[in-house]
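Next comes entry18.cif, a file with mmCIF, C-alpha atoms.
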data_data
loop_
_atom_site.label_atom_id
_atom_site.label_comp_id
_atom_site.auth_asym_id
_atom_site.auth_seq_id
_atom_site.Cartn_x
_atom_site.Cartn_y
_atom_site.Cartn_z
CA MET A 139 -42.49 -43.71 -76.96
CA GLY A 140 -44.45 -43.56 -73.68
CA PHE A 141 -46.86 -40.69 -73.18
CA ILE A 142 -46.62 -40.15 -69.39
CA ALA A 143 -43.46 -41.09 -67.53
CA SER A 144 -43.90 -43.31 -64.47
CA ASP A 145 -43.85 -41.77 -61.01
CA LEU A 146 -40.48 -42.12 -59.28
CA GLY A 147 -39.49 -42.25 -55.63
CA ILE A 148 -35.92 -41.09 -55.00
CA ASP A 149 -34.13 -41.48 -51.68
CA LEU A 150 -31.22 -39.13 -52.30
CA GLY A 151 -28.71 -39.92 -49.56
CA THR A 152 -25.24 -38.75 -48.68
CA SER A 153 -23.74 -42.19 -49.33
CA ASN A 154 -26.26 -43.99 -51.50
CA THR A 155 -29.23 -43.13 -53.71
CA GLN A 156 -32.11 -45.46 -54.50
CA VAL A 157 -34.89 -45.12 -57.06
CA TYR A 158 -38.35 -46.69 -56.99
CA GLU A 159 -40.45 -46.82 -60.17
CA LYS A 160 -44.23 -47.17 -60.00
CA ASN A 161 -45.44 -50.74 -60.65
CA LYS A 162 -41.84 -52.00 -60.86
CA GLY A 163 -40.30 -51.50 -57.41
CA ILE A 164 -36.68 -50.53 -56.71
CA VAL A 165 -34.92 -50.20 -60.04
CA LEU A 166 -31.67 -48.47 -59.04
CA SER A 167 -29.32 -48.34 -56.07
CA GLU A 168 -26.05 -46.50 -56.62
CA PRO A 169 -23.47 -44.62 -54.51
CA THR A 170 -23.93 -40.85 -54.42
CA ILE A 171 -20.48 -40.25 -55.85
CA MET A 172 -19.29 -38.57 -59.03
CA VAL A 173 -15.92 -38.22 -60.72
CA VAL A 174 -15.41 -34.82 -62.33
CA SER A 175 -12.55 -32.90 -63.91
CA ASP A 176 -10.91 -30.43 -61.54
CA ASP A 177 -10.08 -27.82 -64.16
CA GLY A 178 -13.26 -25.85 -63.45
CA ASP A 179 -15.35 -26.92 -66.45
CA GLY A 180 -17.35 -29.45 -64.36
CA ASP A 181 -17.01 -32.24 -66.89
CA VAL A 182 -18.51 -35.41 -65.37
CA ARG A 183 -16.43 -38.54 -66.04
CA ALA A 184 -18.30 -41.17 -63.99
CA VAL A 185 -21.40 -41.52 -61.80
CA GLY A 186 -22.54 -44.00 -59.13
CA ASN A 187 -20.95 -47.44 -59.12
CA ASP A 188 -18.46 -46.48 -61.83
CA ALA A 189 -17.35 -43.49 -59.75
CA LYS A 190 -17.02 -45.48 -56.51
CA ILE A 191 -14.55 -47.86 -58.16
CA MET A 192 -12.39 -44.80 -58.88
CA LEU A 193 -12.67 -43.36 -55.33
CA GLY A 194 -9.15 -42.71 -54.04
CA ARG A 195 -7.66 -43.87 -57.35
CA THR A 196 -8.33 -40.93 -59.63
CA THR A 197 -5.63 -39.69 -61.98
CA ALA A 198 -4.34 -36.14 -62.30
CA GLY A 199 -6.98 -33.73 -63.55
CA VAL A 200 -10.00 -35.51 -62.06
CA MET A 201 -11.43 -35.89 -58.58
CA ALA A 202 -14.16 -37.88 -56.85
CA VAL A 203 -16.82 -35.76 -55.12
CA ARG A 204 -20.01 -36.29 -53.12
CA PRO A 205 -22.63 -33.74 -54.25
CA MET A 206 -24.50 -34.32 -50.97
CA HIS A 207 -23.03 -33.65 -47.53
CA GLU A 208 -24.86 -34.44 -44.28
CA GLY A 209 -28.14 -34.76 -46.16
CA VAL A 210 -27.80 -31.34 -47.83
CA ILE A 211 -27.04 -30.45 -51.45
CA THR A 212 -23.58 -28.90 -51.64
CA GLU A 213 -23.11 -29.02 -55.43
CA PHE A 214 -26.33 -28.02 -57.20
CA GLU A 215 -25.19 -28.60 -60.78
CA LEU A 216 -23.58 -31.96 -60.00
CA THR A 217 -26.69 -33.10 -58.12
CA LYS A 218 -28.76 -32.11 -61.15
CA VAL A 219 -26.51 -34.20 -63.43
CA LEU A 220 -26.76 -37.12 -60.98
CA LEU A 221 -30.57 -36.98 -60.92
CA GLU A 222 -30.73 -36.69 -64.70
CA TYR A 223 -28.58 -39.81 -64.94
CA LEU A 224 -30.75 -41.71 -62.45
CA ILE A 225 -34.01 -40.71 -64.16
CA ARG A 226 -32.64 -41.67 -67.56
CA GLN A 227 -31.39 -45.02 -66.22
CA ALA A 228 -34.74 -45.73 -64.56
CA ILE A 229 -37.29 -44.74 -67.21
CA GLY A 230 -35.31 -43.62 -70.25
CA SER A 231 -35.95 -40.32 -72.00
CA SER A 232 -38.64 -41.15 -74.60
CA TYR A 233 -41.75 -39.73 -72.94
CA LEU A 234 -43.90 -36.66 -73.59
CA VAL A 235 -44.97 -35.89 -70.01
CA ARG A 236 -42.19 -35.68 -67.44
CA PRO A 237 -42.26 -37.84 -64.29
CA ARG A 238 -43.72 -36.87 -60.95
CA ILE A 239 -41.00 -37.36 -58.31
CA PHE A 240 -41.42 -38.18 -54.63
CA MET A 241 -38.33 -37.53 -52.50
CA SER A 242 -37.32 -38.01 -48.87
CA TYR A 243 -35.37 -35.47 -46.82
CA PRO A 244 -33.80 -35.36 -43.32
CA CYS A 245 -35.71 -33.61 -40.54
CA SER A 246 -32.77 -31.29 -39.88
CA ILE A 247 -32.67 -29.42 -43.18
CA SER A 248 -34.04 -25.90 -43.43
CA ALA A 249 -36.80 -24.59 -45.67
CA ILE A 250 -34.16 -23.14 -48.01
CA GLU A 251 -32.41 -26.50 -48.26
CA ARG A 252 -35.76 -28.20 -48.95
CA ARG A 253 -36.39 -25.69 -51.71
CA ALA A 254 -32.99 -26.48 -53.21
CA LEU A 255 -33.91 -30.19 -53.19
CA SER A 256 -37.19 -29.47 -54.97
CA GLU A 257 -35.57 -27.12 -57.49
CA VAL A 258 -32.77 -29.52 -58.40
CA ALA A 259 -35.33 -32.27 -59.07
CA MET A 260 -37.36 -29.91 -61.27
CA ALA A 261 -34.21 -28.90 -63.14
CA ALA A 262 -33.37 -32.58 -63.64
CA GLY A 263 -36.67 -33.28 -65.37
CA ALA A 264 -39.54 -33.59 -62.86
CA ARG A 265 -42.94 -32.10 -63.65
CA LYS A 266 -43.84 -32.02 -59.94
CA VAL A 267 -41.87 -32.73 -56.76
CA LEU A 268 -43.40 -33.97 -53.51
CA LEU A 269 -41.22 -34.17 -50.40
CA ALA A 270 -41.63 -36.31 -47.28
CA GLU A 271 -39.57 -36.49 -44.10
CA LYS A 272 -37.30 -39.50 -44.11
CA PRO A 273 -38.31 -41.11 -40.78
CA PHE A 274 -41.98 -41.03 -41.83
CA VAL A 275 -41.42 -42.85 -45.13
CA SER A 276 -38.98 -45.19 -43.38
CA ALA A 277 -41.77 -46.10 -40.97
CA LEU A 278 -44.03 -46.75 -43.95
CA GLY A 279 -41.33 -48.92 -45.49
CA CYS A 280 -41.13 -50.89 -42.22
CA GLY A 281 -44.85 -51.59 -42.43
CA LEU A 282 -45.67 -49.61 -39.28
CA PRO A 283 -49.27 -48.35 -38.83
CA VAL A 284 -48.36 -44.66 -39.16
CA HIS A 285 -51.98 -43.52 -39.66
CA GLU A 286 -53.30 -45.13 -36.48
CA ALA A 287 -53.61 -43.52 -33.04
CA ASN A 288 -50.58 -45.40 -31.73
CA GLY A 289 -47.11 -44.02 -31.30
CA CYS A 290 -44.14 -45.63 -33.03
CA MET A 291 -40.52 -44.53 -32.96
CA VAL A 292 -38.17 -44.78 -35.92
CA VAL A 293 -34.44 -44.10 -35.91
CA ASP A 294 -33.09 -43.73 -39.45
CA ILE A 295 -29.28 -43.85 -39.51
CA GLY A 296 -28.05 -42.82 -42.92
CA GLY A 297 -24.69 -41.86 -44.35
CA GLY A 298 -24.82 -38.20 -43.37
CA THR A 299 -27.62 -37.84 -40.82
CA THR A 300 -29.52 -39.69 -38.13
CA ASP A 301 -33.23 -38.88 -37.86
CA VAL A 302 -35.22 -39.83 -34.78
CA ALA A 303 -39.01 -39.41 -34.81
CA VAL A 304 -42.16 -40.44 -32.99
CA ILE A 305 -45.04 -40.89 -35.43
CA SER A 306 -48.79 -41.06 -34.83
CA LEU A 307 -52.02 -40.31 -36.73
CA GLY A 308 -50.28 -39.82 -40.07
CA GLY A 309 -47.70 -37.30 -38.96
CA ILE A 310 -44.51 -36.73 -36.99
CA VAL A 311 -45.27 -35.72 -33.40
CA ILE A 312 -41.69 -34.96 -32.38
CA SER A 313 -38.39 -35.39 -34.18
CA HIS A 314 -34.72 -34.63 -33.86
CA SER A 315 -31.95 -34.91 -36.41
CA ILE A 316 -28.19 -34.90 -36.01
CA ARG A 317 -25.57 -34.76 -38.71
CA VAL A 318 -23.95 -38.00 -37.64
CA GLY A 319 -24.08 -41.23 -39.64
CA GLY A 320 -21.99 -43.75 -41.51
CA VAL A 321 -19.69 -41.13 -43.03
CA LYS A 322 -18.87 -39.70 -39.57
CA MET A 323 -17.95 -43.22 -38.44
CA ASP A 324 -15.63 -43.58 -41.44
CA GLU A 325 -14.02 -40.23 -40.62
CA ALA A 326 -13.60 -41.30 -36.99
CA ILE A 327 -11.74 -44.43 -38.14
CA ILE A 328 -9.50 -42.41 -40.48
CA ASN A 329 -8.64 -39.96 -37.68
CA PHE A 330 -8.06 -42.73 -35.13
CA ILE A 331 -5.61 -44.60 -37.39
CA LYS A 332 -3.88 -41.35 -38.26
CA ARG A 333 -3.52 -40.46 -34.57
CA GLU A 334 -2.54 -43.88 -33.24
CA PHE A 335 -0.42 -45.26 -36.09
CA ASN A 336 0.64 -42.18 -38.09
CA ILE A 337 -0.85 -43.86 -41.15
CA GLU A 338 -3.24 -42.17 -43.56
CA ILE A 339 -5.96 -44.30 -45.16
CA GLY A 340 -8.71 -43.48 -47.66
CA GLU A 341 -12.50 -43.48 -47.41
CA ARG A 342 -12.87 -46.88 -49.05
CA THR A 343 -10.44 -48.54 -46.65
CA ALA A 344 -12.17 -46.93 -43.66
CA GLU A 345 -15.56 -48.17 -44.83
CA GLU A 346 -14.20 -51.69 -45.35
CA VAL A 347 -12.67 -51.67 -41.85
CA LYS A 348 -15.99 -50.49 -40.38
CA LEU A 349 -17.90 -53.27 -42.13
CA ASP A 350 -15.34 -55.90 -41.11
CA LEU A 351 -14.44 -54.92 -37.54
CA GLY A 352 -16.89 -52.18 -36.53
CA ALA A 353 -19.16 -52.75 -33.53
CA ALA A 354 -21.12 -50.59 -31.09
CA LEU A 355 -20.22 -53.00 -28.26
CA PRO A 356 -16.90 -54.70 -27.47
CA LEU A 357 -16.72 -58.10 -29.17
CA ARG A 358 -16.28 -61.19 -26.99
CA GLU A 359 -13.68 -62.54 -29.39
CA GLU A 360 -11.33 -59.87 -30.63
CA ARG A 361 -10.85 -59.77 -34.39
CA ARG A 362 -7.88 -58.44 -36.31
CA ALA A 363 -7.23 -57.14 -39.80
CA ARG A 364 -4.28 -55.73 -41.73
CA ILE A 365 -4.66 -52.38 -43.42
CA ARG A 366 -2.48 -50.54 -45.89
CA GLY A 367 -1.96 -46.82 -46.08
CA ARG A 368 0.66 -44.09 -46.33
CA ASP A 369 3.09 -43.46 -43.51
CA MET A 370 2.75 -39.80 -42.51
CA VAL A 371 6.43 -39.58 -41.49
CA THR A 372 8.21 -41.34 -44.35
CA THR A 373 5.35 -40.83 -46.89
CA LEU A 374 5.96 -44.43 -48.00
CA PRO A 375 3.35 -47.22 -48.19
CA GLN A 376 2.88 -48.91 -44.82
CA THR A 377 0.98 -51.91 -43.45
CA THR A 378 -0.27 -52.29 -39.89
CA GLU A 379 -2.60 -54.51 -37.89
CA ILE A 380 -5.67 -53.20 -36.11
CA THR A 381 -8.14 -54.86 -33.77
CA SER A 382 -11.91 -54.74 -33.33
CA THR A 383 -11.36 -53.16 -29.88
CA GLN A 384 -9.52 -50.24 -31.46
CA ILE A 385 -12.26 -49.71 -34.05
CA TYR A 386 -14.87 -49.87 -31.27
CA GLU A 387 -12.98 -47.06 -29.51
CA ALA A 388 -12.80 -45.08 -32.77
CA ILE A 389 -16.55 -45.14 -33.49
CA HIS A 390 -17.81 -45.05 -29.90
CA GLU A 391 -18.34 -41.28 -29.96
CA PRO A 392 -20.68 -41.28 -33.02
CA CYS A 393 -22.63 -44.16 -31.42
CA LEU A 394 -23.05 -42.13 -28.23
CA ALA A 395 -24.27 -39.15 -30.27
CA ILE A 396 -26.97 -41.33 -31.85
CA LEU A 397 -27.98 -42.62 -28.40
CA ALA A 398 -28.18 -39.04 -27.07
CA ALA A 399 -30.46 -38.04 -29.96
CA ILE A 400 -32.85 -40.91 -29.14
CA LYS A 401 -32.87 -39.94 -25.44
CA ARG A 402 -33.65 -36.34 -26.34
CA VAL A 403 -36.72 -37.34 -28.36
CA LEU A 404 -37.93 -39.74 -25.64
CA GLU A 405 -37.61 -37.00 -23.02
CA HIS A 406 -40.01 -34.77 -25.00
CA THR A 407 -42.46 -37.48 -26.10
CA PRO A 408 -45.99 -37.21 -24.61
CA PRO A 409 -46.62 -39.89 -21.94
CA GLU A 410 -49.25 -41.85 -23.91
CA LEU A 411 -47.02 -42.09 -26.95
CA ALA A 412 -44.00 -42.94 -24.77
CA ALA A 413 -46.00 -45.88 -23.39
CA ASP A 414 -46.72 -47.02 -26.96
CA VAL A 415 -43.00 -46.86 -27.78
CA MET A 416 -42.19 -48.90 -24.66
CA HIS A 417 -44.67 -51.55 -25.80
CA ARG A 418 -43.92 -51.54 -29.54
CA GLY A 419 -40.19 -50.84 -29.39
CA ILE A 420 -37.81 -48.65 -31.40
CA TYR A 421 -37.29 -49.47 -35.07
CA LEU A 422 -33.86 -48.96 -36.63
CA THR A 423 -33.59 -48.24 -40.36
CA GLY A 424 -30.90 -46.96 -42.72
CA GLY A 425 -27.53 -48.41 -43.64
CA GLY A 426 -25.88 -47.20 -40.42
CA SER A 427 -28.22 -49.38 -38.35
CA LEU A 428 -26.37 -52.45 -39.68
CA LEU A 429 -23.42 -51.66 -37.40
CA TYR A 430 -22.95 -54.78 -35.29
CA GLY A 431 -24.38 -54.49 -31.77
CA LEU A 432 -25.94 -51.04 -32.21
CA ASP A 433 -29.45 -52.33 -31.49
CA GLN A 434 -28.19 -54.15 -28.38
CA MET A 435 -26.37 -51.05 -27.13
CA ILE A 436 -29.47 -48.85 -27.47
CA ALA A 437 -31.73 -51.45 -25.87
CA SER A 438 -29.42 -51.98 -22.88
CA GLU A 439 -29.04 -48.23 -22.28
CA LEU A 440 -32.74 -47.37 -22.56
CA GLY A 441 -34.44 -50.54 -21.38
CA ILE A 442 -36.71 -50.48 -24.45
CA PRO A 443 -36.94 -53.22 -27.12
CA VAL A 444 -35.02 -52.27 -30.27
CA LEU A 445 -35.84 -53.94 -33.57
CA LEU A 446 -33.78 -53.84 -36.75
CA ALA A 447 -35.91 -53.49 -39.90
CA ARG A 448 -35.87 -56.43 -42.30
CA GLU A 449 -34.19 -54.48 -45.13
CA PRO A 450 -32.97 -51.34 -43.33
CA MET A 451 -31.25 -49.78 -46.33
CA GLU A 452 -34.42 -49.99 -48.41
CA CYS A 453 -36.99 -48.76 -45.88
CA ALA A 454 -37.07 -45.12 -47.01
CA VAL A 455 -37.36 -45.87 -50.74
CA GLN A 456 -39.91 -48.63 -50.07
CA GLY A 457 -41.91 -46.10 -48.06
CA LEU A 458 -41.81 -43.69 -51.00
CA GLY A 459 -42.95 -46.58 -53.19
CA ASN A 460 -45.86 -47.21 -50.83
CA VAL A 461 -46.91 -43.57 -51.23
CA ILE A 462 -46.56 -43.74 -55.04
CA GLU A 463 -48.62 -46.92 -55.40
CA ASN A 464 -51.41 -45.60 -53.14
CA TYR A 465 -51.25 -41.86 -53.83
CA GLU A 466 -54.76 -41.45 -55.24
CA THR A 467 -56.24 -43.46 -52.37
CA LEU A 468 -54.33 -41.41 -49.81
CA GLN A 469 -55.61 -38.23 -51.45
CA ARG A 470 -59.22 -39.39 -51.26
CA MET A 471 -58.78 -40.27 -47.59
CA GLY A 472 -57.09 -36.94 -46.83
CA ARG A 473 -53.87 -38.59 -45.71
CA THR A 474 -51.32 -36.68 -47.75
CA SER A 475 -50.59 -33.89 -45.24
CA PHE A 476 -47.10 -35.35 -44.66
CA LEU A 477 -46.18 -34.48 -48.27
CA LYS A 478 -44.81 -31.02 -49.00
CA THR A 479 -44.69 -29.21 -52.32
CA ILE A 480 -42.59 -26.12 -52.86
#
Is it possible to give me this structure as structure tokens?
Amino acid sequence: MGFIASDLGIDLGTSNTQVYEKNKGIVLSEPTIMVVSDDGDGDVRAVGNDAKIMLGRTTAGVMAVRPMHEGVITEFELTKVLLEYLIRQAIGSSYLVRPRIFMSYPCSISAIERRALSEVAMAAGARKVLLAEKPFVSALGCGLPVHEANGCMVVDIGGGTTDVAVISLGGIVISHSIRVGGVKMDEAIINFIKREFNIEIGERTAEEVKLDLGAALPLREERRARIRGRDMVTTLPQTTEITSTQIYEAIHEPCLAILAAIKRVLEHTPPELAADVMHRGIYLTGGGSLLYGLDQMIASELGIPVLLAREPMECAVQGLGNVIENYETLQRMGRTSFLKTI
């Protein structure tokens, strides 16, 4: 039995949740999905990867749910069960002193929503919860010099939100967050196929189509794929062919919303920091940044270099890990003001 549980960093996202354990690195990465009974008793049948396999294929009496929506907790009890599962999977349960948990959160959420995030982590077994804004820890995970007197811009495109921030001297100078991300792109594909082909598809199919054909710019060589769904007129199974051009049209609006959010932050960035961003470039992080051509689209529209992080999906949790591994040093240097406790 261990005496003190290891510190954990948890990037609790709308689509995916990752866990960092002190001295070990990233130990878990699972979808933020649960399968529960729909009879009102809240019985949890599956969590994470096991639940994603069942997405769209659940039997009568159970349903797949996402306890997080657009970066905000929508199901407190289910989120608590999810965090308990993740903590148990990461460090077990045989310890006397509960773990200290560091968590990231989108810039857009309110103080009440931050409190809910802190409270659910405490209820799940944390002895102390420290919160940090997601673009800041993503910048840390990118290896950017966030404590220096130079401005750097990070755009974190997650499943439920996109956070844009300019960072300097250990804090966020200006930020903007929109509730647009990978899930909105999936919904746009579902609605497009429903409107154009009268065929209804599920979330998993939409995500697969996005990964296969999705692009922020028209492809030089058009690609095609066959999809299966339910005909909305006959209600029978139906197969149709779609093209990369059609998927580009479907997700163009969410891409423009992300571009508009970046422009809004640049318009309000102080001139000296704007010059730093022009020189250093814009860094893209988060799973949504992997959309083909998104970096090129932003760069061509703004005339600023855009760089995709080496492991964009891991930047936020790696940034939390950086804080965990160097927490005592950061405290001695007085560089923990970006952390919030509630």
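If you look at CA of Ser153 (chain A) and CA of Glu325 (chain A), they are 13.2 Å away from each other.
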Would you kindly identify which residues have an atom no farther than 8 Å from (-12.3, -54.7, -39.1), using all atoms listed in the file and the file's own coordinates, and write them out as a list of chain:residue names?
A:Glu346, A:Val347, A:Lys348, A:Leu349, A:Asp350, A:Leu351, A:Gly352, A:Arg361, A:Arg362, A:Ala363, A:Ile380, A:Thr381, A:Ser382, A:Ile385
From A:Leu432, A:Ala303, A:Ile389, A:Val275, residue lying nearest Lys322 (chain A) [all atoms listed in the file]:
A:Ile389
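With all atoms listed in the file as the basis for measurement, A:Leu150 is the residue among A:Leu150, A:Ile400, A:Ile305, A:Ala447 that approaches Val258 (chain A) most closely.
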Step by step, work through what the PyMOL selection byres ((chain A and resi 189-191) around 9) selects in the shown file, and finish by giving those residues as a PDB file with C-alpha atoms, in the coordinates of the input.
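Full text of selection02.pdb as output:
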ATOM      1  CA  PRO A 169     -23.470 -44.620 -54.510  1.00  0.00           C
ATOM      2  CA  THR A 170     -23.930 -40.850 -54.420  1.00  0.00           C
ATOM      3  CA  ILE A 171     -20.480 -40.250 -55.850  1.00  0.00           C
ATOM      4  CA  MET A 172     -19.290 -38.570 -59.030  1.00  0.00           C
ATOM      5  CA  VAL A 173     -15.920 -38.220 -60.720  1.00  0.00           C
ATOM      6  CA  ARG A 183     -16.430 -38.540 -66.040  1.00  0.00           C
ATOM      7  CA  ALA A 184     -18.300 -41.170 -63.990  1.00  0.00           C
ATOM      8  CA  VAL A 185     -21.400 -41.520 -61.800  1.00  0.00           C
ATOM      9  CA  GLY A 186     -22.540 -44.000 -59.130  1.00  0.00           C
ATOM     10  CA  ASN A 187     -20.950 -47.440 -59.120  1.00  0.00           C
ATOM     11  CA  ASP A 188     -18.460 -46.480 -61.830  1.00  0.00           C
ATOM     12  CA  MET A 192     -12.390 -44.800 -58.880  1.00  0.00           C
ATOM     13  CA  LEU A 193     -12.670 -43.360 -55.330  1.00  0.00           C
ATOM     14  CA  GLY A 194      -9.150 -42.710 -54.040  1.00  0.00           C
ATOM     15  CA  ARG A 195      -7.660 -43.870 -57.350  1.00  0.00           C
ATOM     16  CA  ALA A 202     -14.160 -37.880 -56.850  1.00  0.00           C
ATOM     17  CA  ARG A 342     -12.870 -46.880 -49.050  1.00  0.00           C
TER      18      ARG A 342
END
Could you name the residues that touch Gln227 (chain A) at 12 Å or less, counting all atoms listed in the file, but leaving out those on the same chain fewer than 5 positions away, as a ChimeraX atom specification?
/A:146,156-159,165-168,185-186,220-222,232
List the residues selected by the PyMOL selection byres ((chain A and resi 293) around 12) in the file shown, writing them as a PDB file with C-alpha atoms, in the coordinates of the input.
ATOM      1  CA  PRO A 244     -33.800 -35.360 -43.320  1.00  0.00           C
ATOM      2  CA  CYS A 245     -35.710 -33.610 -40.540  1.00  0.00           C
ATOM      3  CA  LYS A 272     -37.300 -39.500 -44.110  1.00  0.00           C
ATOM      4  CA  PRO A 273     -38.310 -41.110 -40.780  1.00  0.00           C
ATOM      5  CA  PHE A 274     -41.980 -41.030 -41.830  1.00  0.00           C
ATOM      6  CA  VAL A 275     -41.420 -42.850 -45.130  1.00  0.00           C
ATOM      7  CA  SER A 276     -38.980 -45.190 -43.380  1.00  0.00           C
ATOM      8  CA  ALA A 277     -41.770 -46.100 -40.970  1.00  0.00           C
ATOM      9  CA  CYS A 280     -41.130 -50.890 -42.220  1.00  0.00           C
ATOM     10  CA  CYS A 290     -44.140 -45.630 -33.030  1.00  0.00           C
ATOM     11  CA  MET A 291     -40.520 -44.530 -32.960  1.00  0.00           C
ATOM     12  CA  VAL A 292     -38.170 -44.780 -35.920  1.00  0.00           C
ATOM     13  CA  ASP A 294     -33.090 -43.730 -39.450  1.00  0.00           C
ATOM     14  CA  ILE A 295     -29.280 -43.850 -39.510  1.00  0.00           C
ATOM     15  CA  GLY A 296     -28.050 -42.820 -42.920  1.00  0.00           C
ATOM     16  CA  THR A 299     -27.620 -37.840 -40.820  1.00  0.00           C
ATOM     17  CA  THR A 300     -29.520 -39.690 -38.130  1.00  0.00           C
ATOM     18  CA  ASP A 301     -33.230 -38.880 -37.860  1.00  0.00           C
ATOM     19  CA  VAL A 302     -35.220 -39.830 -34.780  1.00  0.00           C
ATOM     20  CA  ALA A 303     -39.010 -39.410 -34.810  1.00  0.00           C
ATOM     21  CA  VAL A 304     -42.160 -40.440 -32.990  1.00  0.00           C
ATOM     22  CA  ILE A 305     -45.040 -40.890 -35.430  1.00  0.00           C
ATOM     23  CA  SER A 313     -38.390 -35.390 -34.180  1.00  0.00           C
ATOM     24  CA  HIS A 314     -34.720 -34.630 -33.860  1.00  0.00           C
ATOM     25  CA  SER A 315     -31.950 -34.910 -36.410  1.00  0.00           C
ATOM     26  CA  ILE A 316     -28.190 -34.900 -36.010  1.00  0.00           C
ATOM     27  CA  GLY A 319     -24.080 -41.230 -39.640  1.00  0.00           C
ATOM     28  CA  ILE A 396     -26.970 -41.330 -31.850  1.00  0.00           C
ATOM     29  CA  LEU A 397     -27.980 -42.620 -28.400  1.00  0.00           C
ATOM     30  CA  ALA A 398     -28.180 -39.040 -27.070  1.00  0.00           C
ATOM     31  CA  ALA A 399     -30.460 -38.040 -29.960  1.00  0.00           C
ATOM     32  CA  ILE A 400     -32.850 -40.910 -29.140  1.00  0.00           C
ATOM     33  CA  LYS A 401     -32.870 -39.940 -25.440  1.00  0.00           C
ATOM     34  CA  VAL A 403     -36.720 -37.340 -28.360  1.00  0.00           C
ATOM     35  CA  LEU A 404     -37.930 -39.740 -25.640  1.00  0.00           C
ATOM     36  CA  GLY A 419     -40.190 -50.840 -29.390  1.00  0.00           C
ATOM     37  CA  ILE A 420     -37.810 -48.650 -31.400  1.00  0.00           C
ATOM     38  CA  TYR A 421     -37.290 -49.470 -35.070  1.00  0.00           C
ATOM     39  CA  LEU A 422     -33.860 -48.960 -36.630  1.00  0.00           C
ATOM     40  CA  THR A 423     -33.590 -48.240 -40.360  1.00  0.00           C
ATOM     41  CA  GLY A 424     -30.900 -46.960 -42.720  1.00  0.00           C
ATOM     42  CA  GLY A 425     -27.530 -48.410 -43.640  1.00  0.00           C
ATOM     43  CA  GLY A 426     -25.880 -47.200 -40.420  1.00  0.00           C
ATOM     44  CA  SER A 427     -28.220 -49.380 -38.350  1.00  0.00           C
ATOM     45  CA  LEU A 432     -25.940 -51.040 -32.210  1.00  0.00           C
ATOM     46  CA  ASP A 433     -29.450 -52.330 -31.490  1.00  0.00           C
ATOM     47  CA  ILE A 436     -29.470 -48.850 -27.470  1.00  0.00           C
ATOM     48  CA  VAL A 444     -35.020 -52.270 -30.270  1.00  0.00           C
ATOM     49  CA  LEU A 445     -35.840 -53.940 -33.570  1.00  0.00           C
ATOM     50  CA  LEU A 446     -33.780 -53.840 -36.750  1.00  0.00           C
ATOM     51  CA  ALA A 447     -35.910 -53.490 -39.900  1.00  0.00           C
ATOM     52  CA  PRO A 450     -32.970 -51.340 -43.330  1.00  0.00           C
ATOM     53  CA  CYS A 453     -36.990 -48.760 -45.880  1.00  0.00           C
ATOM     54  CA  ALA A 454     -37.070 -45.120 -47.010  1.00  0.00           C
TER      55      ALA A 454
END
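Nearest to Ser242 (chain A) of all the residues A:Ile148, A:Ile225, A:Ile442, A:Cys393 is A:Ile148, based on all atoms listed in the file.
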Within 6 Å of Gly298 (chain A) using all atoms listed in the file, minus same-chain residues under 2 positions, as a PyMOL selection string:
chain A and resi 152+208-209+296+317-319+321
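The coordinates place CA of Val174 (chain A) at 27.3 Å from CA of Phe240 (chain A).
Between CA of Ile229 (chain A) and CA of Arg265 (chain A) the interatomic distance comes to 14.3 Å.
Minimum atom-to-atom distances from A:Gln456, A:Thr474, A:Thr479, A:Thr407 to Glu257 (chain A) were compared using only C-alpha atoms, and the lowest value belongs to A:Thr479.
What the PyMOL selection byres ((chain A and resi 262) around 8) picks from this file is Lys218, Val219, Leu221, Glu222, Val258, Ala259, Met260, Ala261, Gly263 and Ala264 of chain A.
Closest approach to Glu251 (chain A) among A:Ala287, A:Val210, A:Leu411, A:Leu278 is made by A:Val210 (distances from only C-alpha atoms).
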